[in-house]
>>> print(open('start-v7.txt').read())   # compact mmCIF, C-alpha atoms
# COMPACT_ATOMS: atom_id res chain seq x y z
CA MET A 1 -12.07 -19.42 -64.07
CA ASP A 2 -12.24 -21.19 -67.43
CA ARG A 3 -10.48 -18.24 -69.04
CA THR A 4 -7.74 -18.33 -66.41
CA ALA A 5 -7.29 -22.07 -66.92
CA ALA A 6 -7.00 -21.54 -70.67
CA LEU A 7 -4.32 -18.89 -70.17
CA ARG A 8 -2.48 -21.23 -67.81
CA LEU A 9 -2.49 -23.89 -70.54
CA ASP A 10 -1.21 -21.29 -72.98
CA ALA A 11 1.68 -20.47 -70.66
CA GLU A 12 2.56 -24.16 -70.46
CA TRP A 13 2.49 -24.40 -74.23
CA ALA A 14 4.80 -21.37 -74.50
CA LYS A 15 7.45 -23.35 -72.61
CA VAL A 16 7.08 -26.27 -74.97
CA ARG A 17 7.14 -24.01 -78.00
CA SER A 18 10.38 -22.37 -76.89
CA GLY A 19 12.03 -25.75 -76.65
CA ARG A 20 12.49 -25.68 -72.89
CA ALA A 21 10.57 -28.93 -72.48
CA GLY A 22 11.21 -32.11 -74.40
CA VAL A 23 7.83 -33.22 -75.76
CA SER A 24 7.09 -35.79 -78.46
CA PRO A 25 5.28 -34.70 -81.65
CA GLY A 26 2.17 -36.61 -80.59
CA GLU A 27 2.11 -34.90 -77.21
CA ARG A 28 2.65 -31.50 -78.84
CA GLU A 29 -0.36 -32.05 -81.06
CA ARG A 30 -2.49 -33.16 -78.09
CA MET A 31 -1.46 -30.09 -76.06
CA LEU A 32 -2.28 -27.78 -78.96
CA THR A 33 -5.64 -29.41 -79.59
CA ASP A 34 -6.57 -29.10 -75.90
CA LEU A 35 -5.35 -25.51 -75.77
CA ILE A 36 -7.33 -24.50 -78.85
CA ALA A 37 -10.44 -26.12 -77.40
CA ALA A 38 -9.92 -24.19 -74.15
CA LEU A 39 -9.35 -20.82 -75.83
CA ALA A 40 -12.08 -21.04 -78.48
CA PRO A 41 -15.14 -20.46 -76.22
CA HIS A 42 -13.71 -17.16 -74.98
CA ALA A 43 -12.33 -15.84 -78.26
CA ASP A 44 -15.56 -14.57 -79.81
CA ASP A 45 -15.94 -11.76 -77.27
CA ASP A 46 -12.27 -11.05 -76.54
CA LEU A 47 -10.03 -9.74 -79.35
CA SER A 48 -6.88 -10.48 -77.39
CA LEU A 49 -7.85 -14.11 -76.90
CA ALA A 50 -8.96 -14.35 -80.52
CA ALA A 51 -5.49 -13.22 -81.60
CA ARG A 52 -3.86 -15.70 -79.22
CA LEU A 53 -6.10 -18.45 -80.57
CA SER A 54 -4.87 -17.50 -84.03
CA LEU A 55 -1.29 -18.01 -82.87
CA ARG A 56 -2.08 -21.47 -81.60
CA TYR A 57 -3.82 -22.43 -84.81
CA GLY A 58 -0.65 -21.23 -86.52
CA ASP A 59 1.45 -23.47 -84.27
CA LEU A 60 -0.82 -26.40 -85.09
CA ALA A 61 -0.49 -25.64 -88.80
CA ARG A 62 3.30 -25.65 -88.51
CA HIS A 63 3.15 -28.97 -86.63
CA HIS A 64 1.00 -30.53 -89.37
CA PHE A 65 3.20 -29.15 -92.14
CA ASP A 66 6.41 -30.38 -90.51
CA THR A 67 4.92 -33.86 -90.16
CA GLY A 68 3.87 -34.02 -93.82
CA ARG A 69 0.17 -33.24 -93.48
CA ARG A 70 -0.19 -30.27 -95.78
CA GLU A 71 -3.99 -30.36 -96.06
CA ASP A 72 -4.33 -30.31 -92.26
CA ALA A 73 -1.81 -27.48 -92.16
CA LEU A 74 -3.85 -25.47 -94.68
CA SER A 75 -7.01 -26.01 -92.66
CA ALA A 76 -5.34 -24.88 -89.43
CA VAL A 77 -3.60 -21.86 -90.96
CA GLY A 78 -6.89 -20.83 -92.56
CA GLU A 79 -8.35 -20.68 -89.05
CA ALA A 80 -5.30 -18.71 -87.89
CA VAL A 81 -5.88 -16.12 -90.60
CA ARG A 82 -9.62 -15.93 -89.96
CA ARG A 83 -9.29 -15.58 -86.18
CA CYS A 84 -6.72 -12.79 -86.39
CA ALA A 85 -8.32 -10.61 -89.06
CA GLU A 86 -10.45 -8.59 -86.64
CA PRO A 87 -7.87 -8.22 -83.84
CA ALA A 88 -5.39 -7.00 -86.48
CA ARG A 89 -7.59 -3.95 -87.08
CA HIS A 90 -7.29 -2.80 -83.47
CA ASP A 91 -3.79 -3.64 -82.28
CA GLU A 92 -0.41 -3.31 -84.04
CA GLU A 93 1.04 -6.44 -82.44
CA HIS A 94 -1.98 -8.45 -83.54
CA ALA A 95 -1.58 -7.00 -87.02
CA ARG A 96 1.95 -8.36 -87.08
CA TRP A 97 0.64 -11.78 -86.05
CA TYR A 98 -1.94 -11.56 -88.83
CA ALA A 99 0.66 -10.69 -91.46
CA ARG A 100 2.84 -13.61 -90.40
CA ALA A 101 -0.13 -15.98 -90.52
CA LEU A 102 -0.81 -14.87 -94.08
CA ILE A 103 2.82 -15.49 -95.04
CA ASN A 104 2.71 -18.97 -93.50
CA GLN A 105 -0.50 -19.68 -95.39
CA SER A 106 1.21 -18.67 -98.62
CA VAL A 107 4.17 -20.96 -97.92
CA TYR A 108 1.91 -23.98 -97.32
CA LEU A 109 -0.17 -23.22 -100.40
CA ALA A 110 2.89 -22.90 -102.65
CA GLU A 111 4.68 -26.01 -101.36
CA PRO A 112 3.94 -28.23 -104.43
CA LEU A 113 5.61 -25.67 -106.73
CA SER A 114 9.07 -26.28 -105.23
CA ASP A 115 11.22 -29.39 -105.06
CA GLU A 116 12.74 -31.02 -101.98
CA LEU A 117 15.60 -28.49 -102.04
CA GLY A 118 13.21 -25.56 -102.12
CA MET A 119 14.02 -24.74 -105.74
CA PRO A 120 11.24 -23.89 -108.23
CA ARG A 121 9.96 -27.14 -109.67
CA TYR A 122 8.94 -25.77 -113.09
CA ALA A 123 11.12 -24.03 -115.63
CA PHE A 124 10.24 -20.58 -116.88
CA HIS A 125 9.20 -21.36 -120.42
CA ALA A 126 5.67 -20.91 -121.75
CA ASN A 127 6.00 -24.15 -123.73
CA GLY A 128 7.78 -26.05 -120.96
CA GLU A 129 6.41 -28.33 -118.26
CA GLN A 130 3.59 -26.63 -116.38
CA PRO A 131 2.26 -27.36 -112.88
CA PRO A 132 -1.05 -29.23 -112.52
CA PRO A 133 -3.98 -26.77 -112.57
CA VAL A 134 -4.74 -27.32 -108.86
CA ASP A 135 -1.14 -26.53 -107.89
CA ARG A 136 -1.11 -23.41 -110.03
CA GLU A 137 -4.37 -22.27 -108.43
CA ASP A 138 -2.80 -22.77 -105.01
CA GLY A 139 0.24 -20.83 -106.20
CA LEU A 140 -1.94 -17.91 -107.26
CA ALA A 141 -3.74 -18.06 -103.90
CA ALA A 142 -0.32 -18.01 -102.20
CA LEU A 143 0.62 -14.93 -104.20
CA ALA A 144 -2.63 -13.20 -103.15
CA ALA A 145 -2.02 -14.04 -99.46
CA THR A 146 1.50 -12.63 -99.70
CA ARG A 147 0.26 -9.40 -101.24
CA ARG A 148 -2.33 -9.14 -98.46
CA ALA A 149 0.44 -9.55 -95.86
CA ILE A 150 2.40 -6.77 -97.55
CA GLU A 151 -0.65 -4.50 -97.32
CA VAL A 152 -0.82 -5.21 -93.58
CA TRP A 153 2.85 -4.41 -93.05
CA GLU A 154 2.53 -1.23 -95.13
CA SER A 155 -0.34 -0.07 -92.89
CA LEU A 156 1.85 -0.17 -89.77
CA ASP A 157 4.18 2.48 -88.36
CA GLY A 158 7.10 2.58 -90.80
CA SER A 159 9.36 4.31 -88.30
CA LYS A 160 9.65 1.09 -86.29
CA PRO A 161 12.44 -1.18 -87.50
CA ARG A 162 10.51 -4.37 -86.69
CA ASN A 163 7.72 -3.25 -89.04
CA ARG A 164 10.21 -2.35 -91.76
CA GLU A 165 11.92 -5.71 -91.36
CA GLY A 166 8.56 -7.50 -91.56
CA LEU A 167 7.79 -5.65 -94.79
CA ALA A 168 11.21 -6.49 -96.24
CA GLN A 169 10.74 -10.16 -95.35
CA ALA A 170 7.30 -10.12 -96.99
CA HIS A 171 8.95 -8.75 -100.14
CA VAL A 172 11.35 -11.71 -100.05
CA PHE A 173 8.38 -14.09 -99.92
CA LEU A 174 6.69 -12.22 -102.75
CA GLY A 175 9.75 -12.82 -104.91
CA ASP A 176 9.65 -16.52 -103.99
CA ARG A 177 6.01 -16.86 -104.99
CA LEU A 178 6.58 -15.05 -108.30
CA GLU A 179 9.57 -17.24 -109.10
CA GLU A 180 7.52 -20.39 -108.48
CA LEU A 181 4.86 -19.12 -110.88
CA GLY A 182 7.39 -18.56 -113.65
CA GLU A 183 7.92 -14.80 -113.33
CA PRO A 184 11.72 -14.53 -112.95
CA VAL A 185 11.92 -10.85 -113.90
CA ASP A 186 9.45 -9.68 -111.25
CA ALA A 187 10.98 -12.15 -108.79
CA ALA A 188 14.42 -10.65 -109.39
CA ALA A 189 13.03 -7.14 -108.97
CA TRP A 190 11.60 -7.96 -105.53
CA ALA A 191 14.85 -9.64 -104.49
CA VAL A 192 16.69 -6.40 -105.28
CA ARG A 193 14.17 -4.28 -103.38
CA ALA A 194 14.30 -6.58 -100.36
CA GLU A 195 18.09 -6.63 -100.38
CA ARG A 196 18.21 -2.84 -100.39
CA GLU A 197 15.59 -2.62 -97.65
CA PHE A 198 17.56 -4.97 -95.41
CA GLN A 199 20.82 -3.14 -96.08
CA THR A 200 19.22 0.19 -95.17
CA LEU A 201 17.50 -1.25 -92.11
CA TRP A 202 20.56 -2.98 -90.70
CA SER A 203 22.86 -0.03 -91.25
CA ALA A 204 20.50 2.52 -89.62
CA ALA A 205 21.29 2.48 -85.89
CA PRO A 206 21.26 -1.24 -85.06
CA GLU A 207 21.80 -0.34 -81.41
CA ALA A 208 18.30 1.14 -81.15
CA PRO A 209 16.05 -0.76 -78.68
CA ASP A 210 13.44 -1.52 -81.33
CA ALA A 211 15.96 -2.67 -83.92
CA PRO A 212 15.78 -6.30 -85.01
CA GLY A 213 18.00 -8.42 -82.77
CA ALA A 214 18.89 -5.50 -80.50
CA ALA A 215 19.14 -7.80 -77.52
CA ASP A 216 21.60 -10.12 -79.28
CA ALA A 217 25.34 -9.79 -79.28
CA PRO A 218 26.59 -7.45 -82.07
CA ASP A 219 28.68 -10.23 -83.63
CA ALA A 220 25.68 -12.57 -83.75
CA ARG A 221 23.55 -9.87 -85.39
CA ALA A 222 26.24 -9.14 -87.96
CA THR A 223 26.58 -12.84 -88.78
CA ALA A 224 22.81 -13.27 -89.18
CA HIS A 225 22.55 -10.17 -91.36
CA ALA A 226 25.45 -11.29 -93.57
CA ALA A 227 23.89 -14.74 -93.99
CA ALA A 228 20.51 -13.24 -94.93
CA LEU A 229 22.08 -10.93 -97.50
CA GLU A 230 24.13 -13.80 -98.94
CA HIS A 231 20.94 -15.85 -99.32
CA LEU A 232 19.21 -12.97 -101.09
CA GLY A 233 22.21 -12.50 -103.34
CA ASP A 234 22.16 -16.18 -104.34
CA GLN A 235 18.44 -15.97 -105.10
CA LEU A 236 18.95 -12.89 -107.23
CA GLU A 237 21.76 -14.43 -109.29
CA ARG A 238 19.67 -17.55 -109.95
CA ARG A 239 16.73 -15.46 -111.10
CA LEU A 240 18.83 -13.22 -113.32
CA ARG A 241 20.07 -16.31 -115.16
CA ARG A 242 16.43 -17.02 -116.03
CA CYS A 243 15.62 -13.51 -117.23
CA PRO A 244 15.37 -12.90 -120.98
CA PHE A 245 17.33 -9.97 -122.34
CA ASP A 246 14.54 -7.98 -123.99
CA GLY A 247 11.86 -7.02 -121.50
CA GLY A 248 13.78 -8.71 -118.70
CA LEU A 249 17.34 -7.60 -118.06
CA THR A 250 16.72 -4.40 -120.01
CA ARG A 251 13.63 -3.60 -117.91
CA LEU A 252 15.46 -4.22 -114.66
CA ARG A 253 18.28 -1.94 -115.80
CA GLU A 254 15.84 0.77 -116.85
CA GLN A 255 14.11 0.61 -113.45
CA ASP A 256 17.44 0.72 -111.57
CA LEU A 257 16.83 -2.79 -110.28
CA LEU A 258 20.01 -4.34 -111.66
CA PRO A 259 22.82 -3.90 -109.09
CA GLU A 260 26.16 -2.73 -110.47
CA ARG A 261 27.92 -5.80 -109.06
CA LEU A 262 25.70 -8.03 -111.23
CA LEU A 263 26.11 -6.18 -114.52
CA PRO A 264 28.79 -8.66 -115.68
CA LEU A 265 26.35 -11.50 -114.99
CA ALA A 266 23.69 -9.73 -117.04
CA VAL A 267 26.13 -9.17 -119.90
CA VAL A 268 27.13 -12.84 -119.95
CA ALA A 269 23.47 -13.92 -119.71
CA ALA A 270 22.60 -11.84 -122.74
CA ARG A 271 25.53 -13.24 -124.72
CA ILE A 272 24.51 -16.82 -123.84
CA GLU A 273 21.07 -15.97 -125.21
CA GLY A 274 22.76 -14.93 -128.47
CA VAL A 275 22.58 -11.14 -128.16
CA GLU A 276 25.48 -9.34 -129.85
CA ALA A 277 27.81 -7.06 -127.91
CA ASP A 278 26.54 -3.78 -129.39
CA ALA A 279 22.92 -4.69 -128.63
CA ILE A 280 23.90 -5.67 -125.09
CA ALA A 281 25.60 -2.32 -124.60
CA GLU A 282 22.55 -0.44 -125.85
CA GLY A 283 20.04 -2.47 -123.87
CA LEU A 284 21.98 -2.28 -120.58
CA ARG A 285 23.16 1.31 -121.15
CA LEU A 286 26.82 0.36 -121.06
CA ASP A 287 29.81 1.38 -123.13
CA GLY A 288 30.49 -1.06 -125.93
CA THR A 289 34.15 -1.32 -125.00
CA GLU A 290 33.20 -2.26 -121.44
CA VAL A 291 30.80 -4.94 -122.69
CA ARG A 292 33.54 -6.51 -124.82
CA ARG A 293 35.96 -6.39 -121.90
CA ILE A 294 33.43 -8.18 -119.70
CA LEU A 295 32.82 -10.84 -122.35
CA ARG A 296 36.56 -11.49 -122.65
CA ALA A 297 37.12 -11.57 -118.89
CA HIS A 298 34.07 -13.55 -117.75
CA SER A 299 33.61 -17.09 -118.95
CA TRP A 300 30.52 -19.20 -118.32
CA ARG A 301 30.29 -22.90 -117.66
CA ALA A 302 28.55 -24.69 -120.49
CA VAL A 303 27.07 -28.06 -119.51
CA TRP A 304 25.87 -30.33 -122.29
CA ARG A 305 24.27 -33.70 -122.78
CA PHE A 306 23.38 -35.79 -125.80
CA ASP A 307 20.57 -38.33 -125.35
CA VAL A 308 19.65 -41.22 -127.66
CA GLN A 309 16.12 -42.62 -127.83
CA GLU A 310 15.79 -46.35 -127.27
CA ALA A 311 13.36 -48.63 -129.08
CA ASP A 312 10.90 -48.41 -126.17
CA GLY A 313 10.84 -44.61 -126.39
CA THR A 314 13.01 -43.87 -123.35
CA TRP A 315 15.98 -41.52 -123.60
CA THR A 316 19.46 -42.66 -122.55
CA PRO A 317 22.20 -40.09 -121.79
CA MET A 318 25.47 -40.62 -123.62
CA THR A 319 28.85 -40.67 -121.91
CA TYR A 320 31.84 -38.34 -122.16
CA PRO A 321 32.57 -36.43 -124.34
CA TRP A 322 28.90 -36.23 -125.28
CA ARG A 323 28.03 -35.46 -121.70
CA GLY A 324 30.35 -32.91 -120.14
CA ARG A 325 31.12 -29.32 -119.24
CA ASP A 326 33.64 -26.64 -120.04
CA ALA A 327 34.25 -22.93 -119.50
CA VAL A 328 33.61 -20.79 -122.57
CA ALA A 329 33.81 -17.05 -123.16
CA ASP A 330 31.95 -14.75 -125.54
CA ARG A 331 29.90 -17.60 -126.98
CA SER A 332 26.19 -18.19 -127.12
CA ALA A 333 24.63 -21.45 -126.01
CA GLU A 334 23.52 -22.01 -129.59
CA ALA A 335 27.10 -21.60 -130.86
CA VAL A 336 28.37 -24.08 -128.27
CA ALA A 337 25.65 -26.54 -129.28
CA ALA A 338 26.44 -26.09 -133.00
CA GLU A 339 30.11 -26.91 -132.46
CA LEU A 340 29.26 -29.95 -130.35
CA THR A 341 26.66 -31.15 -132.83
CA ASP A 342 29.09 -30.86 -135.73
CA ALA A 343 31.63 -32.96 -133.83
CA PHE A 344 28.93 -35.47 -132.91
CA LEU A 345 27.72 -35.88 -136.49
CA HIS A 346 31.27 -36.66 -137.63
CA SER A 347 32.05 -39.06 -134.80
CA PRO A 348 31.76 -42.86 -134.72
CA ASP A 349 29.34 -42.45 -131.80
CA ARG A 350 26.63 -41.03 -134.01
CA PRO A 351 23.59 -43.35 -133.96
CA PRO A 352 22.05 -44.74 -137.16
CA PRO A 353 19.91 -42.30 -139.21
CA SER A 354 16.75 -44.04 -138.02
CA VAL A 355 17.38 -43.18 -134.37
CA HIS A 356 16.16 -40.06 -132.58
CA TRP A 357 18.73 -38.06 -130.59
CA ARG A 358 18.82 -34.71 -128.87
CA ILE A 359 21.23 -32.20 -127.35
CA ALA A 360 20.73 -29.77 -124.46
CA VAL A 361 23.08 -27.07 -123.22
CA TRP A 362 22.70 -25.58 -119.74
CA TRP A 363 24.38 -22.70 -117.97
CA GLU A 364 26.25 -23.68 -114.81
CA GLU A 365 24.66 -27.09 -114.10
CA GLU A 366 22.61 -29.81 -115.74
CA ASP A 367 18.93 -29.45 -114.94
CA HIS A 368 15.48 -30.15 -116.36
CA LEU A 369 15.30 -29.91 -120.15
CA ASP A 370 12.94 -26.95 -119.93
CA GLY A 371 15.71 -25.04 -118.15
CA ALA A 372 18.28 -25.60 -120.92
CA ARG A 373 19.70 -22.53 -122.63
CA PHE A 374 19.57 -24.42 -125.93
CA ARG A 375 17.98 -27.72 -126.96
CA LEU A 376 17.47 -29.53 -130.23
CA THR A 377 15.90 -32.87 -131.09
CA TYR A 378 16.81 -34.75 -134.26
CA ALA A 379 13.95 -36.75 -135.77
CA PRO A 380 14.57 -39.17 -138.65
CA PRO A 381 13.07 -38.06 -141.98
>>> encode(input="start-v7.txt", output="structure tokens")
Amino acid sequence: MDRTAALRLDAEWAKVRSGRAGVSPGERERMLTDLIAALAPHADDDLSLAARLSLRYGDLARHHFDTGRREDALSAVGEAVRRCAEPARHDEEHARWYARALINQSVYLAEPLSDELGMPRYAFHANGEQPPPVDREDGLAALAATRRAIEVWESLDGSKPRNREGLAQAHVFLGDRLEELGEPVDAAAWAVRAEREFQTLWSAAPEAPDAPGAADAPDARATAHAAALEHLGDQLERRLRRCPFDGGLTRLREQDLLPERLLPLAVVAARIEGVEADAIAEGLRLDGTEVRRILRAHSWRAVWRFDVQEADGTWTPMTYPWRGRDAVADRSAEAVAAELTDAFLHSPDRPPPSVHWRIAVWWEEEDHLDGARFRLTYAPP
């Protein structure tokens, strides 16, 4: 009877979870706490109930995370992972639940490594700002949880589209975790793999009953798929801008992980870094004439800022024209900075020789100094 009552509570929660009942956050938490308490006594001897208990711990973790209680979320999702590990060995559906719990755990662990917009908080420079040790440890734990989820998805029947989609999604999360830890090249590689996996999956008989979104209207599916691919494409472009030429863009090209549509971006990125056209052609296995054509046809937006140090040690940005942007073609960030610096040194705006000043040049938009394509600080002799 207790088991039946617990399942009845679970059915009530399912209605709340689906949004069919308007319930306040406090009431949601109370319902989940009561439901977990009702399921827990029966879960030790029943794998199905243990897996369901894992789901509810996962719901509680999401509730805590959405209300700003990350530590509580980590505690709850840890229980979700623990409770589902054994059921996952015996049932494919439970294995899917387990893999998703691991992904959620990784997201909560990695949260401090991204800003409020979901962008990586730390630039990808060994000598740049680094995350606090505890946040980096959580980031590494998040990476490990993501890899474990991928192992689970890989163990399932690969002929089923829902399993292939789960694996592709896990690859997206793997790229996210690598990007947060300052590995833009590997992050870009996984974005390419995931993009290709989704393209193959969504073009291979979407009308099949087991295909993702098969019950939805075809137009809705197409819109969702296009939005997902656009998001992946944006991620990939951002990561490629962070990749160094040697050992980065060249490695991706060698491994066939640099899509043809993004070769112009890679060429421009290399030129911004200061690589000459012939070296770009050799490294990306392109014709030299084609590289020069790309450099003439594709400009990049240089964004610059001069800062002057005040007596109290703070830095104050200067105004236009010493803070601005312009489209340039076939120029490195260093060359742009050299031209700007020369103009600055010969302008009436130049500060006295005893004052510190600095210049930073970014690609596309002004960001943290560690993300600048070129930076230089002048220190008085």
>>> atom_distance(input="start-v7.txt", atom1="CA of Ser332 (chain A)", atom2="CA of Trp362 (chain A)")
11.0 Å
>>> residues_around(input="start-v7.txt", residues="region 312-317 of chain A", least_positions_apart="3", cutoff="10 Å", atoms="all atoms listed in the file", output="ChimeraX atom specification")
/A:305-309,320,322-323,356-359
>>> closest_residue(input="start-v7.txt", among="A:Glu71, A:Leu181, A:Asp367, A:Glu116", to="Pro132 (chain A)", atoms="only C-alpha atoms")
A:Leu181
>>> atom_distance(input="start-v7.txt", atom1="CA of Glu151 (chain A)", atom2="CA of Tyr57 (chain A)")
22.1 Å
>>> residues_around(input="start-v7.txt", residues="region 91-98 of chain A", least_positions_apart="4", cutoff="8 Å", atoms="only C-alpha atoms", output="short mmCIF file (atom, residue, chain, number, x, y, z; two decimals) with C-alpha atoms, in the frame of the given file")
data_model
loop_
_atom_site.label_atom_id
_atom_site.label_comp_id
_atom_site.auth_asym_id
_atom_site.auth_seq_id
_atom_site.Cartn_x
_atom_site.Cartn_y
_atom_site.Cartn_z
CA ALA A 51 -5.49 -13.22 -81.60
CA LEU A 55 -1.29 -18.01 -82.87
CA ALA A 80 -5.30 -18.71 -87.89
CA VAL A 81 -5.88 -16.12 -90.60
CA CYS A 84 -6.72 -12.79 -86.39
CA ALA A 85 -8.32 -10.61 -89.06
CA PRO A 87 -7.87 -8.22 -83.84
CA LEU A 102 -0.81 -14.87 -94.08
CA ALA A 149 0.44 -9.55 -95.86
CA VAL A 152 -0.82 -5.21 -93.58
CA TRP A 153 2.85 -4.41 -93.05
CA LEU A 156 1.85 -0.17 -89.77
CA ASN A 163 7.72 -3.25 -89.04
#
>>> residues_near_point(input="start-v7.txt", point="(1.6, -35.3, -79.8)", cutoff="12 Å", atoms="all atoms listed in the file", output="ChimeraX atom specification")
/A:16,22-34,60,63-64,67
>>> residues_around(input="start-v7.txt", residues="Arg3 (chain A)", least_positions_apart="2", cutoff="8 Å", atoms="all atoms listed in the file", output="PDB file with C-alpha atoms, keeping the file's coordinate frame")
ATOM      1  CA  MET A   1     -12.070 -19.420 -64.070  1.00  0.00           C
ATOM      2  CA  ALA A   5      -7.290 -22.070 -66.920  1.00  0.00           C
ATOM      3  CA  ALA A   6      -7.000 -21.540 -70.670  1.00  0.00           C
ATOM      4  CA  LEU A   7      -4.320 -18.890 -70.170  1.00  0.00           C
ATOM      5  CA  ALA A  38      -9.920 -24.190 -74.150  1.00  0.00           C
ATOM      6  CA  LEU A  39      -9.350 -20.820 -75.830  1.00  0.00           C
ATOM      7  CA  HIS A  42     -13.710 -17.160 -74.980  1.00  0.00           C
TER       8      HIS A  42
END
>>> residues_near_point(input="start-v7.txt", point="(13.5, 6.0, -87.4)", cutoff="9 Å", atoms="only C-alpha atoms", output="short mmCIF file (atom, residue, chain, number, x, y, z; two decimals) with C-alpha atoms, in the coordinates of the input")
data_model
loop_
_atom_site.label_atom_id
_atom_site.label_comp_id
_atom_site.auth_asym_id
_atom_site.auth_seq_id
_atom_site.Cartn_x
_atom_site.Cartn_y
_atom_site.Cartn_z
CA GLY A 158 7.10 2.58 -90.80
CA SER A 159 9.36 4.31 -88.30
CA LYS A 160 9.65 1.09 -86.29
CA PRO A 161 12.44 -1.18 -87.50
CA ALA A 204 20.50 2.52 -89.62
CA ALA A 205 21.29 2.48 -85.89
#
>>> closest_residue(input="start-v7.txt", among="A:Asp370, A:Asp326, A:Gln255, A:Leu35", to="Gln130 (chain A)", atoms="only C-alpha atoms")
A:Asp370
>>> closest_residue(input="start-v7.txt", among="A:Val134, A:Ala335, A:Leu201, A:Leu252", to="Arg162 (chain A)", atoms="only C-alpha atoms")
A:Leu201
>>> closest_residue(input="start-v7.txt", among="A:Glu195, A:Asp44, A:Glu366, A:Asp66", to="Gly233 (chain A)", atoms="all atoms listed in the file")
A:Glu195
